[in-house]
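Undergrad: The structure file data.pdb (PDB, C-alpha atoms and all ligand atoms) is provided below.
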```
ATOM      1  CA  MET A1073      -5.004   2.856  25.913
ATOM      2  CA  SER A1074      -6.183   6.377  26.728
ATOM      3  CA  ALA A1075      -9.812   7.362  26.225
ATOM      4  CA  GLU A1076      -8.638  10.729  24.945
ATOM      5  CA  ARG A1077      -6.517   9.204  22.195
ATOM      6  CA  GLU A1078      -9.330   6.860  21.313
ATOM      7  CA  ALA A1079     -11.791   9.770  20.940
ATOM      8  CA  GLU A1080      -9.303  11.723  18.833
ATOM      9  CA  ILE A1081      -8.709   8.797  16.472
ATOM     10  CA  ALA A1082     -12.441   8.047  16.247
ATOM     11  CA  ALA A1083     -13.140  11.658  15.222
ATOM     12  CA  ASN A1084     -10.329  11.582  12.633
ATOM     13  CA  LEU A1085     -11.588   8.305  11.213
ATOM     14  CA  ALA A1086     -15.132   9.664  10.912
ATOM     15  CA  ASP A1087     -13.695  12.658   9.020
ATOM     16  CA  VAL A1088     -11.674  10.507   6.647
ATOM     17  CA  ARG A1089     -14.611   8.193   5.983
ATOM     18  CA  ALA A1090     -16.818  11.212   5.264
ATOM     19  CA  ARG A1091     -14.211  12.563   2.811
ATOM     20  CA  ILE A1092     -14.051   9.193   1.037
ATOM     21  CA  ALA A1093     -17.855   8.980   0.883
ATOM     22  CA  ALA A1094     -18.138  12.530  -0.493
ATOM     23  CA  ALA A1095     -15.436  11.876  -3.103
ATOM     24  CA  CYS A1096     -17.198   8.686  -4.193
ATOM     25  CA  ARG A1097     -20.498  10.533  -4.508
ATOM     26  CA  ALA A1098     -18.868  13.342  -6.490
ATOM     27  CA  SER A1099     -17.342  10.927  -8.982
ATOM     28  CA  GLY A1100     -20.277   8.512  -9.133
ATOM     29  CA  ARG A1101     -18.347   5.636  -7.609
ATOM     30  CA  ASP A1102     -19.383   2.929  -5.165
ATOM     31  CA  GLU A1103     -17.841   3.410  -1.730
ATOM     32  CA  ALA A1104     -17.383  -0.333  -1.434
ATOM     33  CA  ASP A1105     -14.801  -0.094  -4.222
ATOM     34  CA  VAL A1106     -12.433   2.150  -2.248
ATOM     35  CA  ARG A1107     -10.502   0.568   0.589
ATOM     36  CA  LEU A1108      -9.042   2.585   3.438
ATOM     37  CA  LEU A1109      -5.492   1.605   4.322
ATOM     38  CA  ALA A1110      -4.391   3.086   7.655
ATOM     39  CA  VAL A1111      -0.694   4.007   7.530
ATOM     40  CA  THR A1112       0.544   3.504  11.085
ATOM     41  CA  LYS A1113       4.299   4.066  10.568
ATOM     42  CA  THR A1114       5.934   5.785  13.582
ATOM     43  CA  PHE A1115       2.760   5.328  15.645
ATOM     44  CA  PRO A1116       2.427   2.655  18.359
ATOM     45  CA  ALA A1117       0.598  -0.643  17.965
ATOM     46  CA  SER A1118      -1.954   0.693  20.464
ATOM     47  CA  ASP A1119      -3.087   3.256  17.856
ATOM     48  CA  ALA A1120      -3.481   0.498  15.272
ATOM     49  CA  ALA A1121      -5.488  -1.479  17.844
ATOM     50  CA  ILE A1122      -7.817   1.510  18.344
ATOM     51  CA  LEU A1123      -8.385   1.752  14.589
ATOM     52  CA  ALA A1124      -8.965  -1.995  14.353
ATOM     53  CA  GLY A1125     -11.529  -1.682  17.137
ATOM     54  CA  LEU A1126     -13.275   0.985  15.038
ATOM     55  CA  GLY A1127     -13.516  -1.379  12.095
ATOM     56  CA  VAL A1128     -10.382  -0.649  10.056
ATOM     57  CA  ARG A1129      -9.152  -3.881   8.498
ATOM     58  CA  ASP A1130      -6.091  -2.831   6.473
ATOM     59  CA  PHE A1131      -2.870  -1.347   7.809
ATOM     60  CA  ALA A1132       0.360  -0.240   6.168
ATOM     61  CA  GLU A1133       3.924   0.253   7.278
ATOM     62  CA  ASN A1134       7.007   1.438   5.418
ATOM     63  CA  ARG A1135       9.841  -0.156   7.418
ATOM     64  CA  ASP A1136      10.313  -3.865   7.925
ATOM     65  CA  GLN A1137      11.784  -3.731  11.402
ATOM     66  CA  GLU A1138       9.071  -1.513  12.846
ATOM     67  CA  ALA A1139       6.294  -3.498  11.174
ATOM     68  CA  ALA A1140       7.659  -6.879  12.207
ATOM     69  CA  GLU A1141       7.171  -5.792  15.809
ATOM     70  CA  LYS A1142       3.790  -4.092  15.383
ATOM     71  CA  ALA A1143       1.909  -6.386  13.014
ATOM     72  CA  PRO A1144       1.696  -9.455  15.292
ATOM     73  CA  GLN A1145       0.018  -7.276  17.953
ATOM     74  CA  VAL A1146      -3.000  -6.381  15.805
ATOM     75  CA  GLU A1147      -5.148  -8.866  13.942
ATOM     76  CA  ALA A1148      -5.560  -7.256  10.506
ATOM     77  CA  ARG A1149      -4.297  -7.300   6.950
ATOM     78  CA  TRP A1150      -0.837  -5.748   6.871
ATOM     79  CA  HIS A1151       0.695  -4.089   3.819
ATOM     80  CA  MET A1152       4.264  -3.045   3.088
ATOM     81  CA  VAL A1153       4.309   0.301   1.250
ATOM     82  CA  GLY A1154       7.931   1.422   1.722
ATOM     83  CA  ARG A1155      11.166   0.915  -0.149
ATOM     84  CA  LEU A1156      12.376  -2.586   0.369
ATOM     85  CA  GLN A1157      15.889  -4.033   0.228
ATOM     86  CA  ARG A1158      16.092  -7.535  -1.190
ATOM     87  CA  ASN A1159      17.778  -8.810   1.965
ATOM     88  CA  LYS A1160      14.622  -7.928   3.932
ATOM     89  CA  ALA A1161      12.364 -10.129   1.802
ATOM     90  CA  ARG A1162      12.524 -13.110   4.145
ATOM     91  CA  SER A1163      11.483 -10.956   7.102
ATOM     92  CA  VAL A1164       8.746  -9.039   5.268
ATOM     93  CA  VAL A1165       6.902 -12.152   4.123
ATOM     94  CA  ARG A1166       6.519 -13.216   7.757
ATOM     95  CA  TRP A1167       4.261 -10.241   8.585
ATOM     96  CA  ALA A1168       2.993  -8.785   5.309
ATOM     97  CA  ASP A1169      -0.112 -10.021   3.533
ATOM     98  CA  GLU A1170       0.621  -7.684   0.645
ATOM     99  CA  VAL A1171       3.657  -5.781  -0.630
ATOM    100  CA  GLN A1172       2.680  -2.637  -2.551
ATOM    101  CA  SER A1173       6.216  -1.433  -3.251
ATOM    102  CA  VAL A1174       7.549  -3.956  -5.760
ATOM    103  CA  ASP A1175       9.569  -1.912  -8.246
ATOM    104  CA  SER A1176      12.063  -4.324  -9.828
ATOM    105  CA  VAL A1177      12.203  -7.873 -11.136
ATOM    106  CA  ARG A1178      15.111  -8.529  -8.774
ATOM    107  CA  LEU A1179      12.977  -7.582  -5.784
ATOM    108  CA  ALA A1180      10.053  -9.649  -7.112
ATOM    109  CA  ASP A1181      12.370 -12.661  -7.458
ATOM    110  CA  ALA A1182      13.684 -12.187  -3.913
ATOM    111  CA  LEU A1183      10.127 -11.997  -2.539
ATOM    112  CA  ALA A1184       9.076 -15.097  -4.496
ATOM    113  CA  LYS A1185      12.024 -17.023  -3.093
ATOM    114  CA  ALA A1186      11.198 -15.822   0.431
ATOM    115  CA  VAL A1187       7.540 -16.868   0.089
ATOM    116  CA  ARG A1188       8.646 -20.272  -1.182
ATOM    117  CA  ALA A1189      10.930 -20.685   1.855
ATOM    118  CA  ALA A1190       8.165 -19.521   4.222
ATOM    119  CA  ARG A1191       5.761 -22.005   2.648
ATOM    120  CA  ASP A1192       8.305 -24.803   2.956
ATOM    121  CA  ALA A1193       8.806 -23.875   6.609
ATOM    122  CA  GLY A1194       5.046 -23.917   7.259
ATOM    123  CA  GLU A1195       5.018 -20.183   8.112
ATOM    124  CA  ARG A1196       2.469 -19.271   5.443
ATOM    125  CA  THR A1197       0.218 -21.044   2.988
ATOM    126  CA  GLU A1198      -0.892 -18.340   0.560
ATOM    127  CA  PRO A1199       1.027 -16.602  -2.213
ATOM    128  CA  LEU A1200       2.012 -13.012  -1.483
ATOM    129  CA  ASP A1201      -0.249 -10.313  -2.945
ATOM    130  CA  VAL A1202       1.845  -7.824  -4.853
ATOM    131  CA  LEU A1203       1.311  -4.341  -6.254
ATOM    132  CA  LEU A1204       3.819  -2.800  -8.635
ATOM    133  CA  GLN A1205       5.020   0.589  -7.463
ATOM    134  CA  ALA A1206       5.015   2.963 -10.414
ATOM    135  CA  SER A1207       7.166   6.063 -10.617
ATOM    136  CA  ILE A1208       4.933   8.613 -12.315
ATOM    137  CA  ASP A1209       7.751  11.074 -13.028
ATOM    138  CA  GLY A1210      10.450   8.415 -13.563
ATOM    139  CA  ASP A1211      12.679   9.882 -10.836
ATOM    140  CA  PRO A1212      14.740   6.864  -9.701
ATOM    141  CA  ALA A1213      15.762   8.545  -6.438
ATOM    142  CA  ARG A1214      12.270   8.131  -4.982
ATOM    143  CA  GLY A1215      11.669   4.475  -5.805
ATOM    144  CA  GLY A1216       9.145   2.988  -8.167
ATOM    145  CA  CYS A1217       9.362   1.448 -11.594
ATOM    146  CA  PRO A1218       9.371   3.752 -14.646
ATOM    147  CA  LEU A1219       6.003   3.571 -16.427
ATOM    148  CA  ASP A1220       7.500   2.099 -19.614
ATOM    149  CA  ALA A1221       9.026  -0.807 -17.662
ATOM    150  CA  LEU A1222       5.862  -1.821 -15.785
ATOM    151  CA  ALA A1223       4.699  -4.454 -18.267
ATOM    152  CA  ASP A1224       8.048  -6.293 -18.060
ATOM    153  CA  LEU A1225       7.883  -6.138 -14.277
ATOM    154  CA  ALA A1226       4.329  -7.519 -14.367
ATOM    155  CA  TYR A1227       5.549 -10.478 -16.462
ATOM    156  CA  GLY A1228       8.311 -11.037 -13.925
ATOM    157  CA  VAL A1229       5.768 -11.204 -11.096
ATOM    158  CA  THR A1230       3.296 -13.469 -12.892
ATOM    159  CA  ARG A1231       6.085 -15.979 -13.642
ATOM    160  CA  SER A1232       6.028 -17.000  -9.991
ATOM    161  CA  SER A1233       3.294 -19.077  -8.358
ATOM    162  CA  ASP A1234       4.378 -17.602  -5.009
ATOM    163  CA  LEU A1235       3.313 -14.089  -6.006
ATOM    164  CA  GLN A1236      -0.147 -12.849  -6.974
ATOM    165  CA  LEU A1237      -0.205  -9.706  -9.102
ATOM    166  CA  CYS A1238      -3.030  -7.505  -7.783
ATOM    167  CA  GLY A1239      -2.369  -4.093  -9.291
ATOM    168  CA  ILE A1240      -0.346  -0.944  -9.080
ATOM    169  CA  MET A1241       0.600   1.664  -6.459
ATOM    170  CA  ALA A1242       2.040   5.158  -6.695
ATOM    171  CA  VAL A1243       2.700   8.353  -4.799
ATOM    172  CA  ALA A1244       1.981  11.650  -6.579
ATOM    173  CA  PRO A1245       5.421  13.203  -7.256
ATOM    174  CA  LEU A1246       6.313  16.382  -5.386
ATOM    175  CA  GLY A1247       5.750  19.387  -7.576
ATOM    176  CA  MET A1248       3.271  17.662  -9.882
ATOM    177  CA  GLU A1249      -0.392  18.531  -9.625
ATOM    178  CA  PRO A1250      -2.025  15.372  -8.129
ATOM    179  CA  GLY A1251      -4.872  15.264 -10.653
ATOM    180  CA  HIS A1252      -2.357  15.302 -13.507
ATOM    181  CA  ALA A1253      -0.266  12.572 -11.834
ATOM    182  CA  PHE A1254      -3.278  10.321 -11.170
ATOM    183  CA  ASP A1255      -4.586  10.837 -14.688
ATOM    184  CA  ARG A1256      -1.335   9.414 -16.097
ATOM    185  CA  LEU A1257      -1.314   6.632 -13.550
ATOM    186  CA  ALA A1258      -4.934   5.663 -14.280
ATOM    187  CA  SER A1259      -4.181   5.327 -17.961
ATOM    188  CA  VAL A1260      -1.169   3.068 -17.279
ATOM    189  CA  ALA A1261      -3.234   1.041 -14.798
ATOM    190  CA  GLY A1262      -5.917   0.541 -17.461
ATOM    191  CA  ASP A1263      -3.344  -0.772 -19.958
ATOM    192  CA  LEU A1264      -1.892  -3.121 -17.363
ATOM    193  CA  ARG A1265      -5.325  -4.447 -16.391
ATOM    194  CA  ALA A1266      -6.115  -5.162 -20.041
ATOM    195  CA  GLU A1267      -3.051  -7.408 -20.237
ATOM    196  CA  PHE A1268      -3.143  -8.805 -16.683
ATOM    197  CA  PRO A1269      -6.765  -9.173 -15.530
ATOM    198  CA  THR A1270      -5.849  -9.841 -11.879
ATOM    199  CA  ALA A1271      -4.212  -6.389 -11.653
ATOM    200  CA  ARG A1272      -7.420  -4.667 -10.535
ATOM    201  CA  GLU A1273      -6.101  -2.626  -7.632
ATOM    202  CA  LEU A1274      -5.089   1.019  -8.063
ATOM    203  CA  SER A1275      -3.491   2.220  -4.819
ATOM    204  CA  CYS A1276      -3.150   5.993  -4.808
ATOM    205  CA  GLY A1277      -4.238   8.937  -2.729
ATOM    206  CA  MET A1278      -2.990   9.945   0.730
ATOM    207  CA  SER A1279      -4.144  12.430   3.393
ATOM    208  CA  ASN A1280      -3.742  15.443   1.114
ATOM    209  CA  ASP A1281      -4.945  14.144  -2.228
ATOM    210  CA  LEU A1282      -7.389  11.296  -1.653
ATOM    211  CA  GLU A1283     -10.270  13.147  -3.373
ATOM    212  CA  GLU A1284      -8.316  13.548  -6.634
ATOM    213  CA  ALA A1285      -7.181   9.922  -6.426
ATOM    214  CA  ILE A1286     -10.734   8.630  -6.005
ATOM    215  CA  ASP A1287     -11.827  10.779  -8.923
ATOM    216  CA  TYR A1288      -9.225   9.009 -11.088
ATOM    217  CA  GLY A1289     -10.255   5.525  -9.988
ATOM    218  CA  SER A1290      -8.247   4.753  -6.861
ATOM    219  CA  THR A1291      -9.375   1.519  -5.195
ATOM    220  CA  CYS A1292      -7.162   1.966  -2.133
ATOM    221  CA  VAL A1293      -6.304   5.205  -0.349
ATOM    222  CA  ARG A1294      -3.348   5.132   2.063
ATOM    223  CA  VAL A1295      -3.962   7.534   4.913
ATOM    224  CA  GLY A1296      -1.630   8.299   7.813
ATOM    225  CA  THR A1297      -1.596  11.929   8.962
ATOM    226  CA  ALA A1298      -5.344  12.542   8.658
ATOM    227  CA  LEU A1299      -6.027   9.562  10.940
ATOM    228  CA  LEU A1300      -3.222   9.721  13.482
ATOM    229  CA  GLY A1301      -1.713  13.201  13.310
ATOM    230  CA  SER A1302       1.612  14.471  12.039
ATOM    231  CA  ARG A1303       4.686  12.317  12.314
ATOM    232  CA  GLY A1304       7.424  14.869  12.913
ATOM    233  CA  LEU A1305      10.509  15.308  10.775
ATOM    234  CA  ALA A1306      12.600  12.168  10.555
ATOM    235  CA  SER A1307       9.920   9.711   9.550
ATOM    236  CA  GLY A1308       9.468  10.042   5.767
TER
HETATM  237  C1  LIG B   1       3.479   7.662   4.774
HETATM  238  C2  LIG B   1       2.860   7.134   3.548
HETATM  239  C3  LIG B   1       1.505   7.353   3.266
HETATM  240  C4  LIG B   1       0.580   8.178   4.157
HETATM  241  O1  LIG B   1       0.837   9.534   3.963
HETATM  242  P1  LIG B   1      -0.034  10.649   4.731
HETATM  243  O2  LIG B   1       0.273  11.888   3.971
HETATM  244  O3  LIG B   1       0.466  10.685   6.128
HETATM  245  O4  LIG B   1      -1.447  10.248   4.649
HETATM  246  C5  LIG B   1       0.989   6.787   2.107
HETATM  247  N1  LIG B   1       1.751   6.052   1.272
HETATM  248  C6  LIG B   1       3.047   5.818   1.509
HETATM  249  C7  LIG B   1       3.825   5.004   0.543
HETATM  250  C8  LIG B   1       3.653   6.357   2.649
HETATM  251  O5  LIG B   1       4.958   6.138   2.864
END
```
Go ahead and render the structure in this file as structure tokens.

TA:
Amino acid sequence: MSAEREAEIAANLADVRARIAAACRASGRDEADVRLLAVTKTFPASDAAILAGLGVRDFAENRDQEAAEKAPQVEARWHMVGRLQRNKARSVVRWADEVQSVDSVRLADALAKAVRAARDAGERTEPLDVLLQASIDGDPARGGCPLDALADLAYGVTRSSDLQLCGIMAVAPLGMEPGHAFDRLASVAGDLRAEFPTARELSCGMSNDLEEAIDYGSTCVRVGTALLGSRGLASG
């Protein structure tokens, strides 16, 4: 692992932590209530190892195949944040501690079944932590559950003892002002939490909009570019 890359990542991490701290101060929030999730998609496991060495505990990936290879190389909590086909459920539950991109009851059922099988096979003991991915603008092309269907999805998740409902995740839609998007999301998250007390997590905010997200109550910012650099074109 190159000393140059390590120095670059350390400087980026210090920047991101300072931004989170400043945003927490500005909105009167406790820094301990905002987790940093390092999004390592397209970057090598060695970069994740550098971040882990600097104290980062949570990592996220958006593709099963890439993550299945990377996650076992770095001792950390691994999160799935990308669109997930039901036929990948069995593979995802082998490496993921949490899936943040659950957007349908069918996917929740497939994950529950996969966790059950993994438990029966002795591959894991704990239920899978789950966040519901909300679609703030309701555009089905970009994944996520429409806001008016979230409560039904939450019931679907809580039916299973193999899944633990922990909250909600979203990406600010393109072309919508992030503050406006997170305002809507925060209100939906509040309603959900009132009905499902374990749904405390609000995962929103990325490299470009983490300040707005923290202002609207984010408990988990997902940061890739600001930590590791730009990913190039084909990566999503
Ligand atoms: C890639 C990705 C991120 C990180 O985005 P950056 O702009 O690179 O910080 C966050 N959330 C999800 C769901 C992603 O796919």

Undergrad: Report as a short mmCIF file (atom, residue, chain, number, x, y, z; two decimals) with C-alpha atoms, in the coordinates of the input all protein, DNA and RNA residues lying within 8 Å of stretch 1278-1288 of chain A, evaluated on only C-alpha atoms, omitting residues in the same chain fewer than 4 positions from it.

TA:
```
data_model
loop_
_atom_site.label_atom_id
_atom_site.label_comp_id
_atom_site.auth_asym_id
_atom_site.auth_seq_id
_atom_site.Cartn_x
_atom_site.Cartn_y
_atom_site.Cartn_z
CA ARG A 1091 -14.21 12.56 2.81
CA ILE A 1092 -14.05 9.19 1.04
CA ALA A 1095 -15.44 11.88 -3.10
CA CYS A 1096 -17.20 8.69 -4.19
CA ALA A 1098 -18.87 13.34 -6.49
CA SER A 1099 -17.34 10.93 -8.98
CA VAL A 1106 -12.43 2.15 -2.25
CA PRO A 1250 -2.02 15.37 -8.13
CA GLY A 1251 -4.87 15.26 -10.65
CA PHE A 1254 -3.28 10.32 -11.17
CA ASP A 1255 -4.59 10.84 -14.69
CA ALA A 1258 -4.93 5.66 -14.28
CA VAL A 1293 -6.30 5.20 -0.35
CA ARG A 1294 -3.35 5.13 2.06
CA VAL A 1295 -3.96 7.53 4.91
CA GLY A 1296 -1.63 8.30 7.81
CA THR A 1297 -1.60 11.93 8.96
CA ALA A 1298 -5.34 12.54 8.66
#
```

Undergrad: Any chance you could work out the residue set of the PyMOL selection byres (((not hetatm)) within 9 of (chain B and resi 1)) here, as a ChimeraX atom specification?

TA: /A:1109-1113,1132-1134,1152-1155,1172-1173,1241-1243,1275-1282,1293-1303,1307-1308

Undergrad: Using only C-alpha atoms, what table do you get, as JSON lines, when you list each residue of stretch 1100-1169 of chain A with an atom no more than 9 Å from stretch 1187-1208 of chain A, its nearest pair of atoms, and their distance in Å rounded to one decimal, rows by chain then rising number?

TA:
```
{"residue": "A:Val1153", "atom": "CA", "partner": "A:Gln1205", "partner_atom": "CA", "distance": 8.7}
{"residue": "A:Ala1161", "atom": "CA", "partner": "A:Val1187", "partner_atom": "CA", "distance": 8.5}
{"residue": "A:Arg1162", "atom": "CA", "partner": "A:Val1187", "partner_atom": "CA", "distance": 7.4}
{"residue": "A:Val1165", "atom": "CA", "partner": "A:Val1187", "partner_atom": "CA", "distance": 6.2}
{"residue": "A:Arg1166", "atom": "CA", "partner": "A:Glu1195", "partner_atom": "CA", "distance": 7.1}
{"residue": "A:Ala1168", "atom": "CA", "partner": "A:Leu1200", "partner_atom": "CA", "distance": 8.1}
{"residue": "A:Asp1169", "atom": "CA", "partner": "A:Leu1200", "partner_atom": "CA", "distance": 6.2}
```

Undergrad: Which is closest to A:Gly1289 among A:Asp1263, A:Glu1273, A:Glu1138, A:Asp1209, if we use all atoms listed in the file?

TA: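 Smallest separation from A:Gly1289 among the options: A:Glu1273.
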
Undergrad: Figure out the distance between atom CA of A:Cys1238 and atom CA of A:Leu1183, please, to one decimal in Å.

TA: 14.9 Å

Undergrad: Have a look at A:Ala1093, A:Cys1292, A:Leu1222, A:Ala1083 and name the one nearest to A:Val1260; count all atoms listed in the file.

TA: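 Comparing A:Ala1093, A:Cys1292, A:Leu1222, A:Ala1083 against A:Val1260, the winner is A:Leu1222.
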
Undergrad: Out of A:Gln1137, A:Ser1259, A:Thr1270, A:Thr1114, which residue has the shortest atom-to-atom distance to A:Ser1290 when counting all atoms listed in the file?

TA: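 The shortest atom-to-atom distance to A:Ser1290 comes from A:Ser1259.
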
Undergrad: So, with only C-alpha atoms as the atoms that count, which of A:Gly1247, A:Ala1143, A:Asp1105, A:Ser1118 lies closest to A:Arg1272?

TA: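 Closest to A:Arg1272, using only C-alpha atoms: A:Asp1105.
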
Undergrad: Just say which residues the PyMOL selection byres (((chain A and resi 1228-1230) around 12) and not hetatm) picks in this file, as a ChimeraX atom specification.

TA: /A:1171,1174-1185,1199-1204,1221-1227,1231-1239,1267-1271

Undergrad: Could you write out as AutoDock Vina command-line options the box around stretch 1231-1246 of chain A (axis-aligned, all atoms listed in the file, 5 Å on each side), with centre and edge lengths in Å to one decimal?

TA:
```
--center_x 1.6 --center_y -1.3 --center_z -9.2 --size_x 19.3 --size_y 45.5 --size_z 18.8
```

Undergrad: Which residues fall under the PyMOL selection byres (((chain A and resi 1086) around 12) and not hetatm) in this file, as a list in words?

TA: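 With the PyMOL selection byres (((chain A and resi 1086) around 12) and not hetatm) on this model, the match is Ala1079, Glu1080, Ile1081, Ala1082, Ala1083, Asn1084, Leu1085, Asp1087, Val1088, Arg1089, Ala1090, Arg1091, Ile1092, Ala1093, Leu1108, Leu1123, Leu1126, Gly1127, Val1128, Ala1298 and Leu1299 of chain A.
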
Undergrad: Record the distance separating atom CA of A:Asp1136 and atom CA of A:His1151, expressed in Å with one decimal.

TA: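 One can read the atom CA of A:Asp1136 to atom CA of A:His1151 distance as 10.5 Å.
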
Undergrad: Could you tell me how far atom CA of A:Trp1150 lies from atom CA of A:Asp1130, in Å and to one decimal?

TA: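 Rounded to one decimal, the two atoms are 6.0 Å apart.
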